[in-house]
$ cat work_25.cif   # mmCIF, N, CA and C atoms and all ligand atoms
data_query
loop_
_atom_site.label_atom_id
_atom_site.label_comp_id
_atom_site.auth_asym_id
_atom_site.auth_seq_id
_atom_site.Cartn_x
_atom_site.Cartn_y
_atom_site.Cartn_z
N MET A 23 -11.29 9.82 11.93
CA MET A 23 -10.62 8.71 11.22
C MET A 23 -11.21 8.52 9.83
N GLU A 24 -12.52 8.69 9.69
CA GLU A 24 -13.14 8.43 8.39
C GLU A 24 -12.64 9.40 7.32
N GLY A 25 -12.51 10.68 7.71
CA GLY A 25 -11.99 11.67 6.76
C GLY A 25 -10.57 11.36 6.36
N LEU A 26 -9.79 10.94 7.33
CA LEU A 26 -8.40 10.59 7.07
C LEU A 26 -8.31 9.40 6.13
N VAL A 27 -9.17 8.43 6.34
CA VAL A 27 -9.19 7.23 5.48
C VAL A 27 -9.50 7.64 4.04
N LYS A 28 -10.49 8.50 3.87
CA LYS A 28 -10.86 8.95 2.52
C LYS A 28 -9.75 9.77 1.89
N ASP A 29 -9.12 10.63 2.70
CA ASP A 29 -8.03 11.46 2.16
C ASP A 29 -6.86 10.60 1.70
N LEU A 30 -6.53 9.61 2.51
CA LEU A 30 -5.41 8.74 2.16
C LEU A 30 -5.72 7.96 0.88
N TYR A 31 -6.94 7.48 0.79
CA TYR A 31 -7.35 6.74 -0.41
C TYR A 31 -7.29 7.65 -1.64
N ALA A 32 -7.71 8.90 -1.48
CA ALA A 32 -7.68 9.85 -2.60
C ALA A 32 -6.24 10.07 -3.07
N LEU A 33 -5.31 10.13 -2.14
CA LEU A 33 -3.90 10.29 -2.51
C LEU A 33 -3.38 9.05 -3.26
N ALA A 34 -3.82 7.89 -2.82
CA ALA A 34 -3.42 6.65 -3.51
C ALA A 34 -3.99 6.63 -4.92
N GLU A 35 -5.24 7.04 -5.03
CA GLU A 35 -5.90 7.06 -6.35
C GLU A 35 -5.19 8.05 -7.27
N ALA A 36 -4.81 9.20 -6.75
CA ALA A 36 -4.11 10.20 -7.56
C ALA A 36 -2.73 9.70 -8.00
N ALA A 37 -2.07 8.96 -7.12
CA ALA A 37 -0.74 8.46 -7.42
C ALA A 37 -0.75 7.49 -8.60
N ARG A 38 -1.87 6.80 -8.80
CA ARG A 38 -1.99 5.80 -9.88
C ARG A 38 -1.55 6.33 -11.24
N GLU A 39 -1.73 7.63 -11.41
CA GLU A 39 -1.40 8.25 -12.69
C GLU A 39 0.04 7.94 -13.10
N ASN A 40 0.92 7.80 -12.12
CA ASN A 40 2.34 7.57 -12.41
C ASN A 40 2.71 6.09 -12.46
N ALA A 41 1.74 5.22 -12.31
CA ALA A 41 2.05 3.78 -12.33
C ALA A 41 2.67 3.40 -13.68
N TYR A 42 3.61 2.47 -13.61
CA TYR A 42 4.24 1.96 -14.83
C TYR A 42 3.77 0.52 -14.99
N ALA A 43 2.72 0.34 -15.79
CA ALA A 43 2.10 -0.98 -15.92
C ALA A 43 1.83 -1.32 -17.39
N PRO A 44 2.88 -1.33 -18.22
CA PRO A 44 2.66 -1.57 -19.64
C PRO A 44 2.25 -3.01 -19.96
N TYR A 45 2.48 -3.94 -19.07
CA TYR A 45 2.18 -5.35 -19.35
C TYR A 45 0.79 -5.74 -18.88
N SER A 46 0.45 -5.37 -17.67
CA SER A 46 -0.87 -5.76 -17.14
C SER A 46 -1.92 -4.70 -17.41
N GLY A 47 -1.49 -3.45 -17.54
CA GLY A 47 -2.46 -2.37 -17.64
C GLY A 47 -3.17 -2.10 -16.33
N PHE A 48 -2.76 -2.79 -15.28
CA PHE A 48 -3.40 -2.68 -13.96
C PHE A 48 -2.61 -1.67 -13.13
N LYS A 49 -3.08 -0.43 -13.14
CA LYS A 49 -2.36 0.64 -12.44
C LYS A 49 -2.79 0.71 -10.99
N VAL A 50 -1.80 0.70 -10.11
CA VAL A 50 -2.08 0.73 -8.67
C VAL A 50 -1.32 1.89 -8.04
N GLY A 51 -1.97 2.54 -7.10
CA GLY A 51 -1.33 3.58 -6.31
C GLY A 51 -1.47 3.27 -4.84
N ALA A 52 -0.50 3.70 -4.07
CA ALA A 52 -0.56 3.52 -2.62
C ALA A 52 -0.20 4.82 -1.95
N ALA A 53 -0.76 5.04 -0.77
CA ALA A 53 -0.41 6.20 0.04
C ALA A 53 -0.20 5.71 1.47
N LEU A 54 1.00 5.92 1.94
CA LEU A 54 1.44 5.39 3.25
C LEU A 54 1.55 6.54 4.24
N LEU A 55 0.84 6.42 5.33
CA LEU A 55 0.83 7.46 6.37
C LEU A 55 1.75 7.05 7.52
N THR A 56 2.71 7.92 7.83
CA THR A 56 3.60 7.64 8.96
C THR A 56 2.92 8.09 10.25
N LYS A 57 3.42 7.60 11.37
CA LYS A 57 2.82 7.99 12.64
C LYS A 57 3.04 9.46 12.95
N ASP A 58 4.05 10.07 12.31
CA ASP A 58 4.25 11.51 12.53
C ASP A 58 3.57 12.37 11.45
N GLY A 59 2.66 11.74 10.70
CA GLY A 59 1.77 12.52 9.85
C GLY A 59 2.23 12.79 8.43
N LYS A 60 3.33 12.18 7.99
CA LYS A 60 3.75 12.37 6.61
C LYS A 60 3.16 11.27 5.72
N VAL A 61 2.99 11.59 4.46
CA VAL A 61 2.44 10.61 3.51
C VAL A 61 3.46 10.37 2.40
N TYR A 62 3.69 9.11 2.12
CA TYR A 62 4.56 8.72 1.01
C TYR A 62 3.72 7.90 0.04
N THR A 63 3.75 8.29 -1.22
CA THR A 63 2.98 7.55 -2.21
C THR A 63 3.90 6.58 -2.96
N GLY A 64 3.27 5.61 -3.59
CA GLY A 64 4.01 4.66 -4.41
C GLY A 64 3.10 4.15 -5.51
N VAL A 65 3.71 3.61 -6.55
CA VAL A 65 2.96 3.00 -7.65
C VAL A 65 3.60 1.68 -8.02
N ASN A 66 2.83 0.85 -8.74
CA ASN A 66 3.46 -0.37 -9.22
C ASN A 66 4.40 -0.04 -10.38
N VAL A 67 5.52 -0.74 -10.38
CA VAL A 67 6.53 -0.54 -11.42
C VAL A 67 6.81 -1.91 -12.01
N GLU A 68 6.23 -2.16 -13.19
CA GLU A 68 6.38 -3.48 -13.81
C GLU A 68 7.70 -3.59 -14.55
N ASN A 69 8.03 -4.83 -14.89
CA ASN A 69 9.30 -5.10 -15.57
C ASN A 69 9.10 -6.24 -16.56
N ALA A 70 9.82 -6.20 -17.67
CA ALA A 70 9.74 -7.27 -18.66
C ALA A 70 10.10 -8.62 -18.06
N SER A 71 10.97 -8.61 -17.06
CA SER A 71 11.22 -9.80 -16.26
C SER A 71 10.22 -9.73 -15.11
N PHE A 72 9.06 -10.38 -15.30
CA PHE A 72 7.91 -10.13 -14.43
C PHE A 72 8.21 -10.22 -12.94
N GLY A 73 9.11 -11.14 -12.57
CA GLY A 73 9.42 -11.30 -11.15
C GLY A 73 10.07 -10.08 -10.54
N ALA A 74 10.59 -9.19 -11.36
CA ALA A 74 11.23 -7.98 -10.86
C ALA A 74 10.23 -6.86 -10.60
N THR A 75 8.97 -7.10 -10.92
CA THR A 75 7.94 -6.07 -10.74
C THR A 75 7.81 -5.70 -9.27
N LEU A 76 7.64 -4.40 -9.05
CA LEU A 76 7.48 -3.86 -7.69
C LEU A 76 6.05 -3.37 -7.52
N CYS A 77 5.42 -3.78 -6.43
CA CYS A 77 4.05 -3.33 -6.15
C CYS A 77 4.06 -1.92 -5.55
N ALA A 78 2.93 -1.26 -5.65
CA ALA A 78 2.79 0.11 -5.16
C ALA A 78 3.06 0.21 -3.65
N GLU A 79 2.60 -0.77 -2.90
CA GLU A 79 2.79 -0.73 -1.44
C GLU A 79 4.27 -0.74 -1.09
N ARG A 80 5.02 -1.63 -1.74
CA ARG A 80 6.45 -1.72 -1.44
C ARG A 80 7.20 -0.49 -1.94
N ALA A 81 6.74 0.09 -3.04
CA ALA A 81 7.37 1.32 -3.54
C ALA A 81 7.19 2.44 -2.51
N ALA A 82 5.99 2.54 -1.95
CA ALA A 82 5.74 3.59 -0.94
C ALA A 82 6.59 3.34 0.31
N PHE A 83 6.65 2.10 0.75
CA PHE A 83 7.46 1.78 1.93
C PHE A 83 8.94 2.07 1.67
N ALA A 84 9.43 1.73 0.49
CA ALA A 84 10.84 1.96 0.18
C ALA A 84 11.17 3.45 0.23
N LYS A 85 10.25 4.28 -0.28
CA LYS A 85 10.47 5.72 -0.23
C LYS A 85 10.54 6.20 1.21
N ALA A 86 9.58 5.77 2.01
CA ALA A 86 9.50 6.24 3.41
C ALA A 86 10.71 5.76 4.22
N VAL A 87 11.05 4.50 4.07
CA VAL A 87 12.18 3.95 4.83
C VAL A 87 13.47 4.65 4.39
N SER A 88 13.56 4.95 3.10
CA SER A 88 14.74 5.66 2.59
C SER A 88 14.89 7.05 3.20
N GLU A 89 13.76 7.61 3.62
CA GLU A 89 13.78 8.94 4.25
C GLU A 89 13.90 8.82 5.77
N GLY A 90 14.14 7.63 6.26
CA GLY A 90 14.37 7.46 7.69
C GLY A 90 13.13 7.12 8.51
N LYS A 91 12.00 6.96 7.85
CA LYS A 91 10.76 6.66 8.59
C LYS A 91 10.72 5.18 8.99
N ARG A 92 10.20 4.94 10.17
CA ARG A 92 10.12 3.56 10.67
C ARG A 92 8.78 3.24 11.33
N GLU A 93 7.95 4.26 11.55
CA GLU A 93 6.68 4.00 12.23
C GLU A 93 5.52 4.42 11.34
N PHE A 94 4.61 3.48 11.13
CA PHE A 94 3.56 3.69 10.14
C PHE A 94 2.17 3.41 10.75
N ALA A 95 1.22 4.23 10.33
CA ALA A 95 -0.13 4.12 10.87
C ALA A 95 -1.10 3.43 9.92
N ALA A 96 -1.03 3.80 8.64
CA ALA A 96 -2.01 3.28 7.69
C ALA A 96 -1.47 3.35 6.27
N ILE A 97 -2.02 2.49 5.42
CA ILE A 97 -1.69 2.55 3.99
C ILE A 97 -2.97 2.33 3.20
N ALA A 98 -3.18 3.18 2.21
CA ALA A 98 -4.31 3.02 1.30
C ALA A 98 -3.79 2.51 -0.04
N VAL A 99 -4.56 1.62 -0.64
CA VAL A 99 -4.18 1.07 -1.94
C VAL A 99 -5.37 1.25 -2.88
N ALA A 100 -5.10 1.82 -4.06
CA ALA A 100 -6.18 2.11 -5.00
C ALA A 100 -5.83 1.61 -6.39
N ALA A 101 -6.83 1.06 -7.06
CA ALA A 101 -6.62 0.55 -8.42
C ALA A 101 -7.79 0.91 -9.32
N GLY A 102 -8.43 2.01 -9.02
CA GLY A 102 -9.54 2.44 -9.86
C GLY A 102 -10.87 1.91 -9.37
N SER A 103 -11.90 2.19 -10.15
CA SER A 103 -13.25 1.91 -9.70
C SER A 103 -13.74 0.51 -10.02
N GLU A 104 -12.95 -0.23 -10.81
CA GLU A 104 -13.44 -1.55 -11.22
C GLU A 104 -12.94 -2.70 -10.35
N LYS A 105 -11.76 -2.50 -9.75
CA LYS A 105 -11.16 -3.64 -9.04
C LYS A 105 -10.53 -3.15 -7.74
N GLU A 106 -10.90 -3.79 -6.66
CA GLU A 106 -10.29 -3.49 -5.37
C GLU A 106 -8.91 -4.16 -5.34
N ALA A 107 -7.91 -3.40 -4.97
CA ALA A 107 -6.55 -3.93 -4.93
C ALA A 107 -6.20 -4.35 -3.50
N ILE A 108 -6.26 -5.62 -3.26
CA ILE A 108 -5.89 -6.17 -1.95
C ILE A 108 -4.39 -6.48 -2.01
N PRO A 109 -3.63 -6.09 -1.00
CA PRO A 109 -2.18 -6.35 -1.05
C PRO A 109 -1.86 -7.83 -1.26
N CYS A 110 -0.88 -8.08 -2.12
CA CYS A 110 -0.47 -9.46 -2.39
C CYS A 110 0.32 -10.02 -1.19
N GLY A 111 0.59 -11.29 -1.24
CA GLY A 111 1.26 -11.95 -0.12
C GLY A 111 2.65 -11.38 0.16
N ILE A 112 3.39 -11.07 -0.90
CA ILE A 112 4.73 -10.51 -0.70
C ILE A 112 4.62 -9.16 0.03
N CYS A 113 3.69 -8.33 -0.40
CA CYS A 113 3.53 -7.03 0.25
C CYS A 113 3.08 -7.17 1.69
N ARG A 114 2.22 -8.14 1.97
CA ARG A 114 1.79 -8.33 3.37
C ARG A 114 2.99 -8.64 4.24
N GLN A 115 3.83 -9.56 3.78
CA GLN A 115 5.03 -9.89 4.55
C GLN A 115 5.98 -8.70 4.63
N PHE A 116 6.11 -7.97 3.54
CA PHE A 116 7.00 -6.80 3.49
C PHE A 116 6.56 -5.76 4.52
N MET A 117 5.26 -5.50 4.58
CA MET A 117 4.74 -4.51 5.52
C MET A 117 4.83 -5.01 6.96
N TYR A 118 4.67 -6.31 7.13
CA TYR A 118 4.71 -6.92 8.46
C TYR A 118 6.05 -6.68 9.15
N GLU A 119 7.10 -6.63 8.37
CA GLU A 119 8.44 -6.40 8.91
C GLU A 119 8.51 -5.10 9.71
N LEU A 120 7.91 -4.06 9.16
CA LEU A 120 8.03 -2.72 9.76
C LEU A 120 6.77 -2.24 10.46
N ALA A 121 5.64 -2.79 10.09
CA ALA A 121 4.39 -2.25 10.61
C ALA A 121 3.33 -3.34 10.78
N PRO A 122 3.58 -4.28 11.70
CA PRO A 122 2.63 -5.39 11.84
C PRO A 122 1.22 -4.96 12.24
N GLU A 123 1.10 -3.77 12.80
CA GLU A 123 -0.22 -3.31 13.24
C GLU A 123 -0.83 -2.28 12.31
N ILE A 124 -0.25 -2.11 11.13
CA ILE A 124 -0.73 -1.07 10.22
C ILE A 124 -2.17 -1.37 9.77
N VAL A 125 -2.90 -0.30 9.50
CA VAL A 125 -4.26 -0.41 8.97
C VAL A 125 -4.18 -0.32 7.45
N VAL A 126 -4.85 -1.24 6.77
CA VAL A 126 -4.82 -1.31 5.30
C VAL A 126 -6.19 -0.88 4.77
N ILE A 127 -6.16 0.11 3.91
CA ILE A 127 -7.40 0.68 3.37
C ILE A 127 -7.49 0.32 1.89
N THR A 128 -8.59 -0.30 1.50
CA THR A 128 -8.78 -0.67 0.10
C THR A 128 -10.21 -0.36 -0.31
N GLY A 129 -10.46 -0.43 -1.60
CA GLY A 129 -11.82 -0.19 -2.07
C GLY A 129 -11.82 0.20 -3.53
N THR A 130 -12.99 0.59 -3.99
CA THR A 130 -13.12 1.01 -5.38
C THR A 130 -13.69 2.42 -5.49
N ASP A 131 -14.02 2.99 -4.34
CA ASP A 131 -14.61 4.33 -4.34
C ASP A 131 -14.40 4.91 -2.95
N LYS A 132 -14.13 6.21 -2.89
CA LYS A 132 -13.82 6.80 -1.58
C LYS A 132 -14.99 6.70 -0.59
N ASP A 133 -16.18 6.47 -1.10
CA ASP A 133 -17.32 6.31 -0.22
C ASP A 133 -17.63 4.86 0.11
N LEU A 134 -16.84 3.96 -0.43
CA LEU A 134 -17.05 2.53 -0.19
C LEU A 134 -15.71 1.86 0.11
N LEU A 135 -15.13 2.21 1.25
CA LEU A 135 -13.80 1.70 1.56
C LEU A 135 -13.85 0.62 2.62
N ASN A 136 -12.85 -0.24 2.55
CA ASN A 136 -12.70 -1.28 3.56
C ASN A 136 -11.41 -1.04 4.32
N THR A 137 -11.45 -1.24 5.61
CA THR A 137 -10.22 -1.14 6.40
C THR A 137 -10.01 -2.48 7.11
N ALA A 138 -8.74 -2.87 7.18
CA ALA A 138 -8.40 -4.12 7.86
C ALA A 138 -7.05 -3.94 8.53
N LYS A 139 -6.85 -4.64 9.62
CA LYS A 139 -5.54 -4.65 10.24
C LYS A 139 -4.67 -5.66 9.50
N LEU A 140 -3.42 -5.30 9.29
CA LEU A 140 -2.52 -6.22 8.59
C LEU A 140 -2.46 -7.56 9.32
N GLU A 141 -2.49 -7.54 10.64
CA GLU A 141 -2.39 -8.79 11.39
C GLU A 141 -3.56 -9.73 11.08
N ASP A 142 -4.67 -9.17 10.59
CA ASP A 142 -5.78 -10.03 10.17
C ASP A 142 -5.59 -10.52 8.74
N LEU A 143 -4.90 -9.70 7.91
CA LEU A 143 -4.63 -10.12 6.53
C LEU A 143 -3.48 -11.11 6.47
N LEU A 144 -2.58 -11.02 7.47
CA LEU A 144 -1.42 -11.92 7.50
C LEU A 144 -1.22 -12.46 8.91
N PRO A 145 -2.02 -13.45 9.27
CA PRO A 145 -1.79 -14.05 10.58
C PRO A 145 -0.47 -14.83 10.56
N LEU A 146 0.23 -14.81 11.64
CA LEU A 146 1.48 -15.57 11.76
C LEU A 146 2.53 -15.14 10.72
N GLY A 147 2.69 -13.84 10.54
CA GLY A 147 3.74 -13.35 9.65
C GLY A 147 5.12 -13.84 10.09
N PHE A 148 6.01 -13.91 9.14
CA PHE A 148 7.34 -14.46 9.40
C PHE A 148 8.24 -13.41 10.06
N ARG A 149 8.97 -13.86 11.09
CA ARG A 149 9.98 -13.03 11.74
C ARG A 149 11.21 -13.85 12.01
N LEU A 150 12.37 -13.25 11.91
CA LEU A 150 13.60 -13.92 12.32
C LEU A 150 13.82 -13.70 13.80
ZN ZN A 201 2.23 -6.65 -3.69
#
$ encode --input "work_25.cif" --output "structure tokens" --more "lines below"
Ligand SMILES: [Zn+2]
Amino acid sequence: MEGLVKDLYALAEAARENAYAPYSGFKVGAALLTKDGKVYTGVNVENASFGATLCAERAAFAKAVSEGKREFAAIAVAAGSEKEAIPCGICRQFMYELAPEIVVITGTDKDLLNTAKLEDLLPLGFRL
């Protein structure tokens, strides 16, 4: 599991290169692992209308869901060595819809990572 966690984080960190963050300068990458072993990356995509900005986690989920994926094991989120990128509230709820038990990997260095269950980051997530 530890090697997998580091590998997923490395993919998230590499994805950051494609982040579109002209307003904040805060580039984020995500790497989402499906239960059948595929990885989908995502980046934050900012917008001049700030509320339209898409976070890296949701970008990765949108790609995977668009490809028919519905079962997810883990997601790594990377924002460089200075700041740990913890998923925002919207992303927590977004992920909860499809993967309430997903493991969330964050950190600032592949040797210093934190893992948490989404259900601990978002207790009592909303469901219809
Ligand atoms: Zn978010």
$ closest_atom_pairs --input "work_25.cif" --of "chain A" --to "ligand ZN 201 (chain A)" --cutoff "6.5 Å" --atoms "all atoms listed in the file" --output "JSON lines"
{"residue": "A:Leu76", "atom": "C", "partner": "A:ZN201", "partner_atom": "ZN", "distance": 6.3}
{"residue": "A:Cys77", "atom": "CA", "partner": "A:ZN201", "partner_atom": "ZN", "distance": 4.5}
{"residue": "A:Ala78", "atom": "N", "partner": "A:ZN201", "partner_atom": "ZN", "distance": 5.8}
{"residue": "A:Glu79", "atom": "N", "partner": "A:ZN201", "partner_atom": "ZN", "distance": 5.9}
{"residue": "A:Arg80", "atom": "N", "partner": "A:ZN201", "partner_atom": "ZN", "distance": 6.1}
{"residue": "A:Pro109", "atom": "C", "partner": "A:ZN201", "partner_atom": "ZN", "distance": 4.9}
{"residue": "A:Cys110", "atom": "N", "partner": "A:ZN201", "partner_atom": "ZN", "distance": 3.8}
{"residue": "A:Gly111", "atom": "N", "partner": "A:ZN201", "partner_atom": "ZN", "distance": 5.5}
{"residue": "A:Ile112", "atom": "C", "partner": "A:ZN201", "partner_atom": "ZN", "distance": 5.1}
{"residue": "A:Cys113", "atom": "N", "partner": "A:ZN201", "partner_atom": "ZN", "distance": 4.0}
{"residue": "A:Arg114", "atom": "N", "partner": "A:ZN201", "partner_atom": "ZN", "distance": 5.9}
$ atom_distance --input "work_25.cif" --atom1 "atom CA of A:Gly90" --atom2 "atom CA of A:Phe116"
16.6 Å
$ select_by_dssp --input "work_25.cif" --residues "stretch 27-123 of chain A" --states "strand (DSSP E)" --output "PDB file with N, CA and C atoms, keeping the file's coordinate frame"
ATOM      1  N   GLY A  51      -1.970   2.540  -7.100  1.00  0.00           N
ATOM      2  CA  GLY A  51      -1.330   3.580  -6.310  1.00  0.00           C
ATOM      3  C   GLY A  51      -1.470   3.270  -4.840  1.00  0.00           C
ATOM      4  N   ALA A  52      -0.500   3.700  -4.070  1.00  0.00           N
ATOM      5  CA  ALA A  52      -0.560   3.520  -2.620  1.00  0.00           C
ATOM      6  C   ALA A  52      -0.200   4.820  -1.950  1.00  0.00           C
ATOM      7  N   ALA A  53      -0.760   5.040  -0.770  1.00  0.00           N
ATOM      8  CA  ALA A  53      -0.410   6.200   0.040  1.00  0.00           C
ATOM      9  C   ALA A  53      -0.200   5.710   1.470  1.00  0.00           C
ATOM     10  N   LEU A  54       1.000   5.920   1.940  1.00  0.00           N
ATOM     11  CA  LEU A  54       1.440   5.390   3.250  1.00  0.00           C
ATOM     12  C   LEU A  54       1.550   6.540   4.240  1.00  0.00           C
ATOM     13  N   LEU A  55       0.840   6.420   5.330  1.00  0.00           N
ATOM     14  CA  LEU A  55       0.830   7.460   6.370  1.00  0.00           C
ATOM     15  C   LEU A  55       1.750   7.050   7.520  1.00  0.00           C
ATOM     16  N   THR A  56       2.710   7.920   7.830  1.00  0.00           N
ATOM     17  CA  THR A  56       3.600   7.640   8.960  1.00  0.00           C
ATOM     18  C   THR A  56       2.920   8.090  10.250  1.00  0.00           C
ATOM     19  N   VAL A  61       2.990  11.590   4.460  1.00  0.00           N
ATOM     20  CA  VAL A  61       2.440  10.610   3.510  1.00  0.00           C
ATOM     21  C   VAL A  61       3.460  10.370   2.400  1.00  0.00           C
ATOM     22  N   TYR A  62       3.690   9.110   2.120  1.00  0.00           N
ATOM     23  CA  TYR A  62       4.560   8.720   1.010  1.00  0.00           C
ATOM     24  C   TYR A  62       3.720   7.900   0.040  1.00  0.00           C
ATOM     25  N   THR A  63       3.750   8.290  -1.220  1.00  0.00           N
ATOM     26  CA  THR A  63       2.980   7.550  -2.210  1.00  0.00           C
ATOM     27  C   THR A  63       3.900   6.580  -2.960  1.00  0.00           C
ATOM     28  N   GLY A  64       3.270   5.610  -3.590  1.00  0.00           N
ATOM     29  CA  GLY A  64       4.010   4.660  -4.410  1.00  0.00           C
ATOM     30  C   GLY A  64       3.100   4.150  -5.510  1.00  0.00           C
ATOM     31  N   VAL A  65       3.710   3.610  -6.550  1.00  0.00           N
ATOM     32  CA  VAL A  65       2.960   3.000  -7.650  1.00  0.00           C
ATOM     33  C   VAL A  65       3.600   1.680  -8.020  1.00  0.00           C
ATOM     34  N   PHE A  94       4.610   3.480  11.130  1.00  0.00           N
ATOM     35  CA  PHE A  94       3.560   3.690  10.140  1.00  0.00           C
ATOM     36  C   PHE A  94       2.170   3.410  10.750  1.00  0.00           C
ATOM     37  N   ALA A  95       1.220   4.230  10.330  1.00  0.00           N
ATOM     38  CA  ALA A  95      -0.130   4.120  10.870  1.00  0.00           C
ATOM     39  C   ALA A  95      -1.100   3.430   9.920  1.00  0.00           C
ATOM     40  N   ALA A  96      -1.030   3.800   8.640  1.00  0.00           N
ATOM     41  CA  ALA A  96      -2.010   3.280   7.690  1.00  0.00           C
ATOM     42  C   ALA A  96      -1.470   3.350   6.270  1.00  0.00           C
ATOM     43  N   ILE A  97      -2.020   2.490   5.420  1.00  0.00           N
ATOM     44  CA  ILE A  97      -1.690   2.550   3.990  1.00  0.00           C
ATOM     45  C   ILE A  97      -2.970   2.330   3.200  1.00  0.00           C
ATOM     46  N   ALA A  98      -3.180   3.180   2.210  1.00  0.00           N
ATOM     47  CA  ALA A  98      -4.310   3.020   1.300  1.00  0.00           C
ATOM     48  C   ALA A  98      -3.790   2.510  -0.040  1.00  0.00           C
ATOM     49  N   VAL A  99      -4.560   1.620  -0.640  1.00  0.00           N
ATOM     50  CA  VAL A  99      -4.180   1.070  -1.940  1.00  0.00           C
ATOM     51  C   VAL A  99      -5.370   1.250  -2.880  1.00  0.00           C
ATOM     52  N   ALA A 100      -5.100   1.820  -4.060  1.00  0.00           N
ATOM     53  CA  ALA A 100      -6.180   2.110  -5.000  1.00  0.00           C
ATOM     54  C   ALA A 100      -5.830   1.610  -6.390  1.00  0.00           C
TER      55      ALA A 100
END
$ atom_distance --input "work_25.cif" --atom1 "atom N of A:Ala36" --atom2 "atom CA of A:Pro145"
29.2 Å
$ residues_near_point --input "work_25.cif" --point "(7.4, -10.8, 8.7)" --cutoff "8 Å" --atoms "only N, CA and C atoms" --output "list in words"
Arg114, Gln115, Phe116, Met117, Tyr118, Glu119, Leu120, Pro122, Leu146, Gly147, Phe148, Arg149 and Leu150 of chain A
$ closest_residue --input "work_25.cif" --among "A:Ser103, A:Thr75, A:Ala96, A:Gly59" --to "A:Glu123" --atoms "all atoms listed in the file"
A:Ala96
$ atom_distance --input "work_25.cif" --atom1 "atom C of A:Ala41" --atom2 "atom C of A:Lys60"
20.9 Å
$ select_by_dssp --input "work_25.cif" --residues "chain A" --states "helix (DSSP H, G or I)" --output "JSON, numbers by chain"
{"A": [24, 25, 26, 27, 28, 29, 30, 31, 32, 33, 34, 35, 36, 37, 38, 39, 40, 72, 73, 74, 78, 79, 80, 81, 82, 83, 84, 85, 86, 87, 88, 111, 112, 113, 114, 115, 116, 117, 118, 119, 120, 140, 141, 142, 143]}
$ closest_residue --input "work_25.cif" --among "A:Asn136, A:Asn66, A:Ser88, A:Ser46" --to "A:Glu106" --atoms "only C-alpha atoms"
A:Asn136
$ closest_residue --input "work_25.cif" --among "A:Val99, A:Leu140, A:Val87, A:Leu55" --to "A:Ala32" --atoms "only N, CA and C atoms"
A:Val99
$ closest_residue --input "work_25.cif" --among "A:Ala43, A:Ala107, A:Ala138, A:Leu54" --to "A:Val125" --atoms "all atoms listed in the file"
A:Ala138
$ closest_residue --input "work_25.cif" --among "A:Ala34, A:Met23, A:Ala74, A:Ala82" --to "A:Thr128" --atoms "only C-alpha atoms"
A:Ala34
$ closest_residue --input "work_25.cif" --among "A:Lys105, A:Arg38, A:Lys85, A:Arg92" --to "A:Asp131" --atoms "all atoms listed in the file"
A:Lys105
